[in-house]
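The data block below is entry22.txt; it holds compact mmCIF, C-alpha atoms.
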```
# COMPACT_ATOMS: atom_id res chain seq x y z
CA MET A 1 11.09 13.73 -10.81
CA THR A 2 10.08 11.38 -13.62
CA VAL A 3 8.54 8.25 -12.14
CA THR A 4 7.81 5.17 -14.22
CA ILE A 5 5.46 2.55 -12.80
CA ARG A 6 5.66 -1.01 -14.06
CA ARG A 7 5.02 -4.57 -12.93
CA ALA A 8 7.64 -5.90 -10.56
CA THR A 9 10.01 -8.60 -11.76
CA GLN A 10 12.23 -11.10 -9.99
CA ALA A 11 15.16 -8.75 -10.62
CA ASP A 12 13.46 -6.13 -8.39
CA THR A 13 13.34 -8.35 -5.30
CA ALA A 14 16.37 -6.91 -3.48
CA GLN A 15 15.27 -3.29 -3.94
CA ILE A 16 11.69 -4.10 -2.93
CA LEU A 17 12.93 -5.94 0.14
CA ALA A 18 15.06 -2.91 1.09
CA ILE A 19 11.88 -0.79 1.11
CA VAL A 20 9.33 -3.20 2.55
CA ALA A 21 11.33 -4.96 5.30
CA PRO A 22 12.19 -1.85 7.37
CA ILE A 23 8.64 -0.51 7.14
CA LEU A 24 7.13 -3.78 8.32
CA SER A 25 9.82 -4.09 11.00
CA ALA A 26 9.00 -0.63 12.37
CA GLY A 27 5.45 -1.84 13.03
CA GLU A 28 3.94 1.64 12.70
CA THR A 29 1.71 1.38 9.63
CA TYR A 30 0.90 -2.23 8.71
CA ALA A 31 -1.00 -4.77 10.79
CA ILE A 32 1.60 -7.42 10.00
CA ALA A 33 4.01 -9.20 12.33
CA PRO A 34 7.06 -6.91 12.59
CA ASN A 35 9.54 -9.75 13.05
CA LEU A 36 9.28 -11.43 9.63
CA ASP A 37 12.48 -12.72 8.11
CA GLU A 38 13.33 -11.88 4.49
CA ALA A 39 11.44 -14.89 3.15
CA GLY A 40 8.38 -13.91 5.18
CA VAL A 41 8.48 -10.31 3.96
CA LEU A 42 8.74 -11.43 0.34
CA ALA A 43 6.01 -14.05 0.80
CA TYR A 44 3.71 -11.34 2.16
CA TRP A 45 4.46 -8.72 -0.51
CA PHE A 46 4.46 -11.22 -3.39
CA ASP A 47 1.42 -13.15 -2.20
CA PRO A 48 -0.09 -14.98 -5.21
CA ALA A 49 -3.21 -12.79 -4.93
CA HIS A 50 -1.11 -9.62 -5.29
CA GLU A 51 -0.27 -7.92 -8.56
CA VAL A 52 2.96 -6.10 -7.59
CA PHE A 53 4.27 -2.90 -9.15
CA VAL A 54 7.29 -0.68 -8.67
CA ALA A 55 7.77 3.04 -9.14
CA GLU A 56 11.24 3.79 -10.43
CA GLU A 57 13.44 6.53 -11.74
CA ASP A 58 16.61 5.77 -13.70
CA GLY A 59 16.56 2.13 -12.58
CA THR A 60 16.20 2.92 -8.87
CA ILE A 61 13.02 1.70 -7.23
CA LEU A 62 11.44 4.53 -5.25
CA GLY A 63 8.33 2.68 -4.12
CA THR A 64 6.22 -0.41 -4.57
CA TYR A 65 2.59 -1.36 -4.29
CA TYR A 66 0.35 -4.37 -4.67
CA LEU A 67 -3.21 -4.59 -6.00
CA MET A 68 -5.67 -7.33 -5.13
CA ALA A 69 -9.34 -8.03 -4.58
CA ASN A 70 -10.28 -6.89 -1.09
CA GLN A 71 -12.56 -9.89 -0.55
CA GLN A 72 -13.75 -12.91 -2.47
CA GLY A 73 -17.22 -13.80 -3.72
CA GLY A 74 -19.72 -10.99 -3.28
CA GLY A 75 -16.93 -8.55 -2.30
CA ALA A 76 -14.58 -9.34 -5.19
CA HIS A 77 -15.57 -6.17 -7.07
CA VAL A 78 -13.72 -4.00 -4.51
CA ALA A 79 -9.95 -3.61 -4.84
CA ASN A 80 -7.38 -3.28 -2.08
CA CYS A 81 -3.79 -2.04 -2.22
CA GLY A 82 -0.73 -1.66 -0.06
CA TYR A 83 1.85 1.03 -0.81
CA MET A 84 5.38 1.66 0.42
CA THR A 85 7.81 4.40 -0.52
CA ALA A 86 11.57 4.42 0.10
CA PRO A 87 12.44 6.90 2.87
CA ALA A 88 14.55 9.07 0.55
CA SER A 89 11.61 9.38 -1.85
CA GLN A 90 8.90 10.29 0.64
CA GLY A 91 7.17 13.62 0.10
CA LYS A 92 8.07 13.70 -3.61
CA GLY A 93 4.81 12.45 -5.13
CA VAL A 94 5.76 8.78 -5.44
CA ALA A 95 2.88 7.47 -3.31
CA ARG A 96 0.45 9.76 -5.15
CA ALA A 97 1.68 8.43 -8.50
CA MET A 98 1.38 4.83 -7.29
CA CYS A 99 -2.14 5.39 -5.97
CA GLN A 100 -3.26 7.06 -9.19
CA HIS A 101 -1.74 4.17 -11.15
CA SER A 102 -3.47 1.63 -8.90
CA LEU A 103 -6.84 3.34 -9.32
CA ALA A 104 -6.49 3.17 -13.11
CA ARG A 105 -5.28 -0.43 -12.94
CA ALA A 106 -8.17 -1.40 -10.65
CA ALA A 107 -10.65 0.13 -13.11
CA GLU A 108 -8.99 -1.80 -15.95
CA HIS A 109 -9.55 -5.00 -13.95
CA GLY A 110 -13.24 -4.13 -13.56
CA PHE A 111 -13.15 -3.26 -9.87
CA ARG A 112 -15.94 -0.87 -8.88
CA ALA A 113 -14.30 0.57 -5.77
CA MET A 114 -11.13 0.55 -3.70
CA GLN A 115 -11.00 0.01 0.04
CA PHE A 116 -8.16 0.32 2.53
CA ASN A 117 -9.02 -1.80 5.56
CA HIS A 118 -6.61 -0.58 8.22
CA VAL A 119 -5.18 2.92 7.71
CA VAL A 120 -3.50 3.75 11.01
CA SER A 121 -4.74 7.13 12.25
CA THR A 122 -1.23 8.27 13.24
CA ASN A 123 -0.13 7.88 9.60
CA GLY A 124 -1.33 11.40 8.88
CA ARG A 125 0.50 11.79 5.57
CA ALA A 126 -1.19 8.71 4.15
CA VAL A 127 -4.63 9.68 5.47
CA ALA A 128 -4.29 13.17 3.93
CA LEU A 129 -3.04 11.76 0.63
CA TRP A 130 -5.85 9.22 0.33
CA GLN A 131 -8.41 11.91 1.15
CA SER A 132 -6.90 14.24 -1.47
CA LEU A 133 -7.40 11.43 -4.00
CA GLY A 134 -11.09 11.09 -3.16
CA PHE A 135 -11.10 8.43 -0.45
CA ASP A 136 -13.52 8.89 2.43
CA ILE A 137 -13.15 7.56 5.94
CA ALA A 138 -15.98 5.04 5.88
CA GLY A 139 -15.41 3.86 9.41
CA VAL A 140 -13.27 4.23 12.50
CA LEU A 141 -11.93 1.16 14.27
CA PRO A 142 -11.37 2.43 17.83
CA ALA A 143 -7.98 1.50 19.30
CA ALA A 144 -7.62 -1.21 16.64
CA PHE A 145 -3.86 -0.77 16.13
CA ASN A 146 -1.19 -1.20 18.79
CA HIS A 147 1.38 1.38 17.69
CA PRO A 148 4.90 0.78 19.07
CA VAL A 149 5.24 4.45 20.10
CA HIS A 150 1.70 5.77 20.62
CA GLY A 151 0.04 2.65 22.05
CA TYR A 152 -3.48 1.78 20.99
CA VAL A 153 -4.66 4.13 18.24
CA ASP A 154 -7.61 4.18 15.87
CA SER A 155 -7.52 2.78 12.37
CA TYR A 156 -9.65 3.93 9.49
CA VAL A 157 -11.47 2.04 6.79
CA MET A 158 -11.11 4.25 3.71
CA PHE A 159 -13.20 3.83 0.56
CA LYS A 160 -13.48 5.29 -2.94
CA THR A 161 -15.94 4.38 -5.67
CA LEU A 162 -14.27 3.99 -9.07
```
Just give me the structure as structure tokens.
Amino acid sequence: MTVTIRRATQADTAQILAIVAPILSAGETYAIAPNLDEAGVLAYWFDPAHEVFVAEEDGTILGTYYLMANQQGGGAHVANCGYMTAPASQGKGVARAMCQHSLARAAEHGFRAMQFNHVVSTNGRAVALWQSLGFDIAGVLPAAFNHPVHGYVDSYVMFKTL
């Protein structure tokens, strides 16, 4: 698989929506209202603070991510990202490629670290991937996520110095 990662454009909106909307609707991995309409999903993903990218192969978008400052002021040197991969592309290295790209992009922007604020503990593939890329679990938020299948589960704060 040859994945190209580039900045998202307006022409990518429909393919991004097709990836992001079902994941948010499932309510299993993001602490976002699961009942957003299309405009709400796009407003969230394309928030003005987000720099949005897509991972594609032969014109088909396989995944998307955003990069932003995790906090403002004294915390603005730490980056934050959100990643989503199309179901048919999961397990093929797309999320790994996006995370590696985001780490390089964050360093280019002068960020000194990257932090994920709410990695749901039941999202084992993501936790394992982030750990394989050098992220540590910096903290456990007990029962901080109400999973639609598993009920209240822990979330992790994950951190990596750049």
- Query: Suppose you want the space between CA of His150 in chain A and CA of Ala126 in chain A; what is it in Å?
  - Reply: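 Computing the Euclidean distance for CA of His150 in chain A and CA of Ala126 in chain A yields 17.0 Å.
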- Item | Pick from A:Thr161, A:Thr13, A:Thr64, A:Thr122 nearest to Ala95 in chain A, counting all atoms listed in the file |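 Closest candidate: A:Thr64.
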- Message: One decimal, in Å: what's the spacing between CA of Val52 in chain A and CA of Tyr66 in chain A?
- Response: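 Distance reported for this atom pair: 4.3 Å.
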- Query: What lies within 7 Å of range 128-139 of chain A using all atoms listed in the file, ignoring chain neighbours under 6 positions off, as a list of chain:residue names?
  - Reply: A:Tyr156, A:Val157, A:Met158, A:Phe159, A:Lys160
- Message: Taking 5 positions as the minimum chain separation for residues in the same chain, which residues sit within 10 Å of Leu24 in chain A when counting only C-alpha atoms? Answer as an NGL selection string.
- Response: :A and (19 or 29-36 or 41 or 84)
- Message: Can you measure CA of Leu67 in chain A to CA of Val120 in chain A for me? One decimal in Å is fine.
- Response: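 Taking CA of Leu67 in chain A as the start and CA of Val120 in chain A as the end point, the length is 18.9 Å.
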- Between A:Gly82, A:Gly151, A:Gly40, A:Pro142, which has the minimum distance to Val54 in chain A (counting only C-alpha atoms)?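 Of the candidates, the smallest distance to Val54 in chain A is held by A:Gly82.
Candidate residues A:Ser102, A:Asn70, A:Gln115, A:Thr60 were compared for distance to Ala88 in chain A, and the nearest is A:Thr60, using all atoms listed in the file.
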- Query: Which residue out of A:Leu62, A:Val149, A:Ala79, A:Ala14 has the minimum interatomic distance to Gly110 in chain A when only C-alpha atoms are used?
  - Reply: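 Smallest separation from Gly110 in chain A among the options: A:Ala79.
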Test item: axis-aligned box, all listed atoms of range 98-101 of chain A, 8 Å on each side, centre and edges in Å rounded to one decimal, as lines of an AutoDock Vina configuration file:
```
center_x = -0.9
center_y = 5.6
center_z = -8.6
size_x = 20.6
size_y = 18.9
size_z = 21.2
```
- Pick the closest to Val94 in chain A from A:Leu42, A:Leu141, A:Ile5, A:Leu17: which is it, counting only C-alpha atoms? A:Ile5
- Note on the structure: Across A:Leu103, A:Gly63, A:Ser25, A:Pro48, the smallest distance to Val78 in chain A, with all atoms listed in the file counted, is shown by A:Leu103
- Can you pull out every residue within 8 Å of Leu162 in chain A, counting only C-alpha atoms, but drop anything in the same chain fewer than 3 positions away, and send it as a PyMOL selection string? chain A and resi 103+107+111-114
- Message: Using all atoms listed in the file - which residues lie no farther than 9 Å from the point (5.9, -3.2, -14.6) in the file's frame? Write them as a VMD selection string.
- Response: chain A and resid 4 to 9 52 to 55
